[in-house]
>>> print(open('coords.txt').read())   # compact mmCIF, C-alpha atoms
# COMPACT_ATOMS: atom_id res chain seq x y z
CA MET K 1 -22.55 -0.99 -4.86
CA ALA K 2 -20.50 -4.08 -5.69
CA ILE K 3 -19.09 -6.38 -3.00
CA LYS K 4 -15.54 -5.28 -3.85
CA ASP K 5 -16.60 -1.66 -3.25
CA VAL K 6 -18.03 -2.56 0.17
CA LEU K 7 -14.79 -4.33 1.10
CA HIS K 8 -12.85 -1.34 -0.23
CA ILE K 9 -14.53 0.88 2.39
CA PHE K 10 -12.98 -1.22 5.16
CA HIS K 11 -9.50 -0.15 4.09
CA PRO K 12 -7.57 1.42 7.03
CA HIS K 13 -7.70 4.81 5.25
CA PHE K 14 -11.50 4.96 5.40
CA LEU K 15 -11.73 3.44 8.89
CA MET K 16 -9.30 6.01 10.26
CA ASN K 17 -11.12 8.77 8.39
CA PHE K 18 -14.41 7.70 9.96
CA MET K 19 -12.88 7.69 13.45
CA LEU K 20 -11.39 11.16 12.96
CA ALA K 21 -14.63 12.55 11.54
CA SER K 22 -16.77 11.24 14.39
CA CYS K 23 -14.42 11.29 17.40
CA PHE K 24 -15.52 14.69 18.74
CA PHE K 25 -19.17 13.66 18.85
CA VAL K 26 -18.32 10.22 20.25
CA LEU K 27 -16.11 11.66 22.98
CA LYS K 28 -18.66 14.29 23.97
CA SER K 29 -21.52 11.78 24.18
CA THR K 30 -19.68 9.01 26.06
CA PRO K 31 -20.29 9.17 29.84
CA GLY K 32 -17.12 9.06 31.88
CA ILE K 33 -14.83 10.11 29.06
CA CYS K 34 -16.78 13.30 28.39
CA ASP K 35 -16.66 14.27 32.10
CA GLN K 36 -12.87 14.02 32.03
CA LEU K 37 -12.35 16.03 28.82
CA PHE K 38 -15.13 18.61 28.64
CA GLU K 39 -16.94 20.90 31.04
CA ASP K 40 -20.30 20.27 29.35
CA CYS K 41 -21.32 16.98 27.75
CA HIS K 42 -24.04 18.52 25.56
CA LEU K 43 -23.59 20.18 22.20
CA GLU K 44 -23.65 23.97 22.44
CA ILE K 45 -25.73 26.18 20.14
CA GLN K 46 -22.66 27.06 18.04
CA GLU K 47 -21.84 23.38 17.69
CA TYR K 48 -25.36 22.61 16.49
CA GLU K 49 -24.97 25.39 13.95
CA MET K 50 -21.69 23.88 12.75
CA VAL K 51 -23.32 20.46 12.36
CA THR K 52 -26.12 22.05 10.32
CA PHE K 53 -23.55 23.84 8.17
CA LEU K 54 -21.73 20.52 7.70
CA GLY K 55 -24.91 18.86 6.46
CA CYS K 56 -25.61 21.69 4.00
CA MET K 57 -22.08 21.63 2.57
CA ILE K 58 -22.18 17.85 2.12
CA VAL K 59 -25.46 18.11 0.19
CA ILE K 60 -24.18 20.97 -1.99
CA LYS K 61 -20.82 19.41 -2.78
CA ASN K 62 -22.21 15.94 -3.45
CA ARG K 63 -25.36 16.81 -5.39
CA LYS K 64 -23.83 15.56 -8.67
CA THR K 65 -21.44 12.97 -7.30
CA SER K 66 -21.94 9.38 -8.45
CA ASN K 67 -18.63 8.05 -7.14
CA TYR K 68 -18.91 6.75 -3.58
CA GLN K 69 -15.23 7.48 -2.91
CA SER K 70 -15.66 11.13 -3.85
CA TYR K 71 -18.78 11.28 -1.69
CA LEU K 72 -17.00 9.83 1.33
CA SER K 73 -13.97 12.04 0.82
CA THR K 74 -16.17 15.15 0.86
CA VAL K 75 -18.04 14.01 3.97
CA PHE K 76 -14.84 13.23 5.86
CA MET K 77 -13.10 16.43 4.76
CA PHE K 78 -15.83 18.76 6.06
CA ALA K 79 -16.47 16.64 9.17
CA LYS K 80 -12.78 16.82 10.14
CA ALA K 81 -12.67 20.55 9.51
CA ILE K 82 -15.70 21.10 11.74
CA SER K 83 -14.29 18.75 14.40
CA LEU K 84 -10.98 20.63 14.43
CA VAL K 85 -12.77 23.90 15.08
CA MET K 86 -14.84 22.30 17.85
CA PHE K 87 -11.77 20.82 19.55
CA VAL K 88 -9.96 24.16 19.43
CA ARG K 89 -12.98 25.90 20.99
CA GLN K 90 -12.98 23.41 23.84
CA ASN K 91 -9.23 23.41 24.41
CA PRO K 92 -6.42 24.59 22.07
CA LEU K 93 -4.32 21.58 23.16
CA TYR K 94 -7.07 19.24 21.93
CA GLY K 95 -6.97 21.05 18.60
CA VAL K 96 -3.21 20.57 18.29
CA ILE K 97 -3.45 16.84 19.07
CA TYR K 98 -6.35 16.41 16.64
CA GLY K 99 -4.47 18.30 13.93
CA LEU K 100 -1.44 16.03 14.41
CA LEU K 101 -3.67 12.97 14.04
CA ILE K 102 -5.00 14.35 10.75
CA LEU K 103 -1.44 14.90 9.48
CA PHE K 104 -0.47 11.39 10.56
CA HIS K 105 -3.46 10.00 8.65
CA LEU K 106 -2.57 11.91 5.50
CA ALA K 107 1.08 10.87 5.65
CA PHE K 108 0.81 7.19 6.57
CA LEU K 109 -2.68 6.09 5.50
CA PRO K 110 -3.30 7.64 2.06
CA GLU K 111 -6.44 6.87 0.10
CA PRO K 112 -6.13 3.56 -1.79
CA THR K 113 -5.99 3.90 -5.55
CA TYR K 114 -6.03 1.60 -8.52
CA SER K 115 -2.62 -0.07 -8.74
CA GLY K 116 -3.24 -2.55 -11.52
CA PRO K 117 -1.93 -2.58 -15.09
CA GLU K 118 -2.51 0.25 -17.55
CA GLU K 119 -2.37 0.69 -21.32
CA VAL K 120 -1.48 4.38 -21.52
CA LYS K 121 0.98 6.01 -23.93
CA TYR K 122 2.65 9.12 -22.51
CA PHE K 123 3.29 11.79 -25.14
CA LYS K 124 5.90 14.53 -25.06
CA GLY K 125 5.71 17.84 -26.91
CA PRO K 126 5.08 17.47 -30.65
CA HIS K 127 4.81 13.67 -30.50
CA LEU K 128 1.05 13.93 -30.01
CA ASP K 129 0.64 15.94 -33.22
CA GLU K 130 2.81 13.45 -35.07
CA GLU K 131 0.61 10.58 -33.94
CA LEU K 132 -2.69 12.30 -34.72
CA GLU K 133 -1.62 13.88 -38.01
CA ASN K 134 0.77 11.30 -39.44
CA GLY K 135 -0.18 8.14 -37.56
CA ASP K 136 -2.68 5.47 -38.53
CA LYS K 137 -6.02 7.27 -38.94
CA ARG K 138 -7.88 4.03 -38.26
CA ILE K 139 -6.83 4.25 -34.61
CA SER K 140 -9.13 6.18 -32.27
CA TRP K 141 -7.52 7.90 -29.29
CA ILE K 142 -8.72 9.06 -25.88
CA ILE K 143 -6.19 11.68 -24.82
CA GLU K 144 -6.00 13.10 -21.30
CA PHE K 145 -4.53 16.60 -21.06
CA TYR K 146 -3.39 16.98 -17.47
CA ALA K 147 -1.11 18.91 -15.13
CA ALA K 148 1.03 17.02 -12.64
CA TRP K 149 0.43 19.69 -9.96
CA ALA K 150 -3.40 19.69 -10.23
CA PRO K 151 -5.18 17.62 -7.52
CA PRO K 152 -8.10 16.68 -9.85
CA CYS K 153 -5.58 15.19 -12.29
CA VAL K 154 -3.84 13.26 -9.53
CA ASN K 155 -7.16 11.90 -8.28
CA PHE K 156 -8.28 10.95 -11.77
CA ALA K 157 -5.05 9.18 -12.76
CA PRO K 158 -5.97 5.72 -11.36
CA VAL K 159 -9.41 5.91 -13.01
CA PHE K 160 -7.87 6.65 -16.40
CA SER K 161 -5.37 3.82 -15.95
CA GLU K 162 -8.09 1.35 -15.07
CA LEU K 163 -10.23 2.38 -18.04
CA SER K 164 -7.25 2.10 -20.39
CA HIS K 165 -6.63 -1.48 -19.31
CA LYS K 166 -10.29 -2.38 -19.79
CA TYR K 167 -10.98 -0.71 -23.15
CA THR K 168 -7.71 -0.66 -25.11
CA LEU K 169 -7.76 -2.34 -28.53
CA ASP K 170 -5.35 -2.33 -31.45
CA ASN K 171 -7.45 0.48 -32.96
CA PHE K 172 -8.66 2.19 -29.77
CA LYS K 173 -5.94 3.56 -27.52
CA PHE K 174 -5.38 5.79 -24.51
CA GLY K 175 -2.78 8.52 -24.16
CA LYS K 176 -1.74 11.31 -21.79
CA ILE K 177 0.23 14.51 -22.11
CA ASP K 178 1.24 17.01 -19.44
CA ALA K 179 -0.30 20.13 -20.98
CA SER K 180 1.28 22.38 -18.33
CA ALA K 181 4.76 21.21 -19.39
CA TYR K 182 4.06 21.94 -23.07
CA PRO K 183 2.26 25.32 -23.27
CA LYS K 184 2.22 25.30 -27.08
CA VAL K 185 0.32 22.01 -27.03
CA ALA K 186 -2.09 23.41 -24.43
CA GLU K 187 -2.64 26.51 -26.58
CA LYS K 188 -3.20 24.50 -29.78
CA TYR K 189 -5.83 22.31 -28.15
CA LYS K 190 -7.32 25.23 -26.19
CA ILE K 191 -6.55 23.85 -22.74
CA ASP K 192 -6.37 26.37 -19.90
CA VAL K 193 -3.47 25.33 -17.64
CA SER K 194 -3.59 28.28 -15.25
CA ALA K 195 -3.73 27.70 -11.49
CA TRP K 196 -7.47 28.51 -11.45
CA SER K 197 -8.33 26.38 -14.49
CA LYS K 198 -11.46 24.21 -14.43
CA GLN K 199 -10.34 22.30 -17.53
CA LEU K 200 -7.88 19.98 -15.84
CA PRO K 201 -7.96 17.21 -16.66
CA THR K 202 -9.51 17.42 -20.15
CA LEU K 203 -10.45 14.26 -22.05
CA VAL K 204 -10.60 14.42 -25.84
CA LEU K 205 -11.75 11.69 -28.24
CA PHE K 206 -9.91 11.74 -31.55
CA MET K 207 -11.26 9.73 -34.48
CA ASN K 208 -9.64 9.74 -37.94
CA GLY K 209 -7.03 12.08 -36.50
CA LYS K 210 -9.60 14.76 -35.65
CA GLU K 211 -11.29 15.79 -32.42
CA LYS K 212 -14.79 14.41 -32.11
CA PHE K 213 -15.69 15.79 -28.68
CA ARG K 214 -14.23 16.57 -25.28
CA ARG K 215 -15.08 16.75 -21.61
CA PRO K 216 -15.44 19.05 -19.82
CA ILE K 217 -17.33 21.13 -22.36
CA VAL K 218 -16.20 24.75 -22.64
CA ASP K 219 -18.87 27.35 -23.46
CA LYS K 220 -18.48 30.35 -25.79
CA LYS K 221 -17.22 32.48 -22.90
CA GLY K 222 -14.42 30.02 -22.19
CA ARG K 223 -15.99 28.63 -19.03
CA ALA K 224 -15.70 24.90 -18.38
CA MET K 225 -18.96 23.21 -17.49
CA ARG K 226 -19.01 21.00 -14.40
CA PHE K 227 -17.94 17.43 -15.07
CA GLY K 228 -17.65 14.53 -12.63
CA TYR K 229 -14.60 12.38 -13.20
CA SER K 230 -16.01 9.14 -11.82
CA LYS K 231 -15.42 5.97 -13.80
CA GLU K 232 -19.12 5.61 -14.56
CA GLN K 233 -19.52 9.16 -15.84
CA VAL K 234 -16.42 8.98 -18.02
CA ILE K 235 -17.69 5.76 -19.61
CA LYS K 236 -21.03 7.42 -20.31
CA GLU K 237 -19.88 10.88 -21.40
CA MET K 238 -16.94 9.68 -23.52
CA GLN K 239 -19.10 6.92 -25.04
CA LEU K 240 -16.44 4.32 -24.28
CA ASN K 241 -18.73 1.34 -24.72
CA GLU K 242 -19.99 2.58 -28.09
CA VAL K 243 -16.50 3.42 -29.42
CA PHE K 244 -15.10 0.15 -28.07
CA ASN K 245 -17.80 -1.96 -29.77
CA GLU K 246 -17.41 -0.09 -33.05
CA CYS K 247 -13.64 -0.54 -33.05
CA LYS K 248 -13.96 -4.18 -32.09
CA LYS K 249 -16.18 -4.78 -35.12
CA ASN K 250 -13.52 -3.26 -37.38
CA PRO K 251 -10.14 -4.51 -36.11
CA LEU K 252 -6.92 -3.64 -37.87
CA PRO K 253 -5.79 -6.40 -40.26
CA LYS K 254 -3.08 -8.49 -38.69
CA LYS K 255 0.37 -8.09 -40.19
CA LYS K 256 1.77 -11.21 -41.79
CA SER K 257 4.99 -12.44 -40.26
CA LYS K 258 8.18 -12.49 -42.29
CA LYS K 259 8.24 -16.28 -42.05
CA GLY K 260 4.71 -16.48 -43.41
CA LEU K 261 5.62 -14.30 -46.38
CA GLU K 262 8.65 -16.45 -47.16
CA GLU K 263 6.54 -19.62 -47.12
CA LYS K 264 3.99 -17.94 -49.41
CA ASP K 265 6.75 -17.02 -51.88
CA LYS K 266 8.01 -20.61 -51.93
CA THR K 267 4.59 -22.00 -52.74
CA GLU K 268 4.27 -19.52 -55.60
>>> encode(input="coords.txt", output="structure tokens")
Amino acid sequence: MAIKDVLHIFHPHFLMNFMLASCFFVLKSTPGICDQLFEDCHLEIQEYEMVTFLGCMIVIKNRKTSNYQSYLSTVFMFAKAISLVMFVRQNPLYGVIYGLLILFHLAFLPEPTYSGPEEVKYFKGPHLDEELENGDKRISWIIEFYAAWAPPCVNFAPVFSELSHKYTLDNFKFGKIDASAYPKVAEKYKIDVSAWSKQLPTLVLFMNGKEKFRRPIVDKKGRAMRFGYSKEQVIKEMQLNEVFNECKKNPLPKKKSKKGLEEKDKTE
């Protein structure tokens, strides 16, 4: 993990998340405080079972996660859910207070996201077809088909923006289109935009105006295979480094300025 990632963890969002996820266990194991809040300062059998369940869910949900932020988010989410249940079992009032703290955290300390520059072109309706079919075929495109209401798309947005800024060239570009807002586009490119869809977001690499491959992969039965949307996995699965290097070796010829053409005519 890079130094910037370590420093990123100390953002108030993660610190508050850690406190919320661990506060029940801290309060129940701290002498003096525990005696004032709880009748018993030892974990009950049901609470041990919940902790075991928490560990199992974290392992299952994170078995293919390579992004530390996704890993932490999963850990905190299940830990807070378990803690809420434990607080309610001890005293309903504790549960209400804890629930309000969770809402406060969500409202005022959201998870930090990439806020830097991006090089993304936003397409509307038929404009995507016009670009791919009638545009410069020498330009390769990474297109993200997304839905504004889908949490995975919202979470992936800063990653896509960051990658666009890093990899964009004059002949390698990034674009997005809200497939849920343009059902005909979604149908043409075989993107399922239903509420239970596992295809959102879908990344497609177009080269020479034609689709080369996409992620997630959809099998013959129409089921989307699991795909992690971490920056590292997108770079690997979408072959960004390979496409970038290939495009960089074959840049588009620079257009001559009007002034340059006039000077050339004079010399002739």
>>> closest_residue(input="coords.txt", among="K:Ala79, K:Leu43, K:His165, K:Asp35", to="K:Cys23", atoms="all atoms listed in the file")
K:Ala79
>>> residues_around(input="coords.txt", residues="K:Asn17", least_positions_apart="5", cutoff="12 Å", atoms="all atoms listed in the file", output="list of chain:residue names")
K:Ile9, K:Phe10, K:His11, K:Pro12, K:Ser22, K:Cys23, K:Leu72, K:Ser73, K:Thr74, K:Val75, K:Phe76, K:Met77, K:Phe78, K:Ala79, K:Lys80, K:Ala81, K:Leu101, K:Ile102, K:Leu103, K:Phe104, K:His105, K:Leu106, K:Leu109, K:Pro110, K:Glu111
>>> closest_residue(input="coords.txt", among="K:Ala148, K:Leu93, K:Ala224, K:Ile82", to="K:Gly55", atoms="all atoms listed in the file")
K:Ile82
>>> closest_residue(input="coords.txt", among="K:Gly222, K:Pro126, K:Pro112, K:Gly99", to="K:Ala21", atoms="all atoms listed in the file")
K:Gly99
>>> residues_around(input="coords.txt", residues="K:Arg89", least_positions_apart="6", cutoff="10 Å", atoms="only C-alpha atoms", output="ChimeraX atom specification")
/K:47,83,95
>>> atom_distance(input="coords.txt", atom1="atom CA of K:Phe160", atom2="atom CA of K:Ala181")
19.5 Å
>>> atom_distance(input="coords.txt", atom1="atom CA of K:Pro201", atom2="atom CA of K:Phe145")
5.6 Å
>>> axis_aligned_box(input="coords.txt", around="stretch 29-34 of chain K", padding_each_side="5 Å", output="AutoDock Vina command-line options")
--center_x -18.2 --center_y 11.2 --center_z 28.0 --size_x 16.7 --size_y 14.3 --size_z 17.7
>>> atom_distance(input="coords.txt", atom1="atom CA of K:Asn171", atom2="atom CA of K:Glu130")
16.7 Å
>>> closest_residue(input="coords.txt", among="K:His13, K:Arg215, K:Lys184, K:Lys248", to="K:Thr168", atoms="all atoms listed in the file")
K:Lys248
>>> closest_residue(input="coords.txt", among="K:Asp170, K:Asp136, K:His42, K:Asp178", to="K:Lys254", atoms="all atoms listed in the file")
K:Asp170
>>> residues_around(input="coords.txt", residues="K:Cys153", least_positions_apart="6", cutoff="8 Å", atoms="all atoms listed in the file", output="PyMOL selection string")
chain K and resi 146-147+200-201
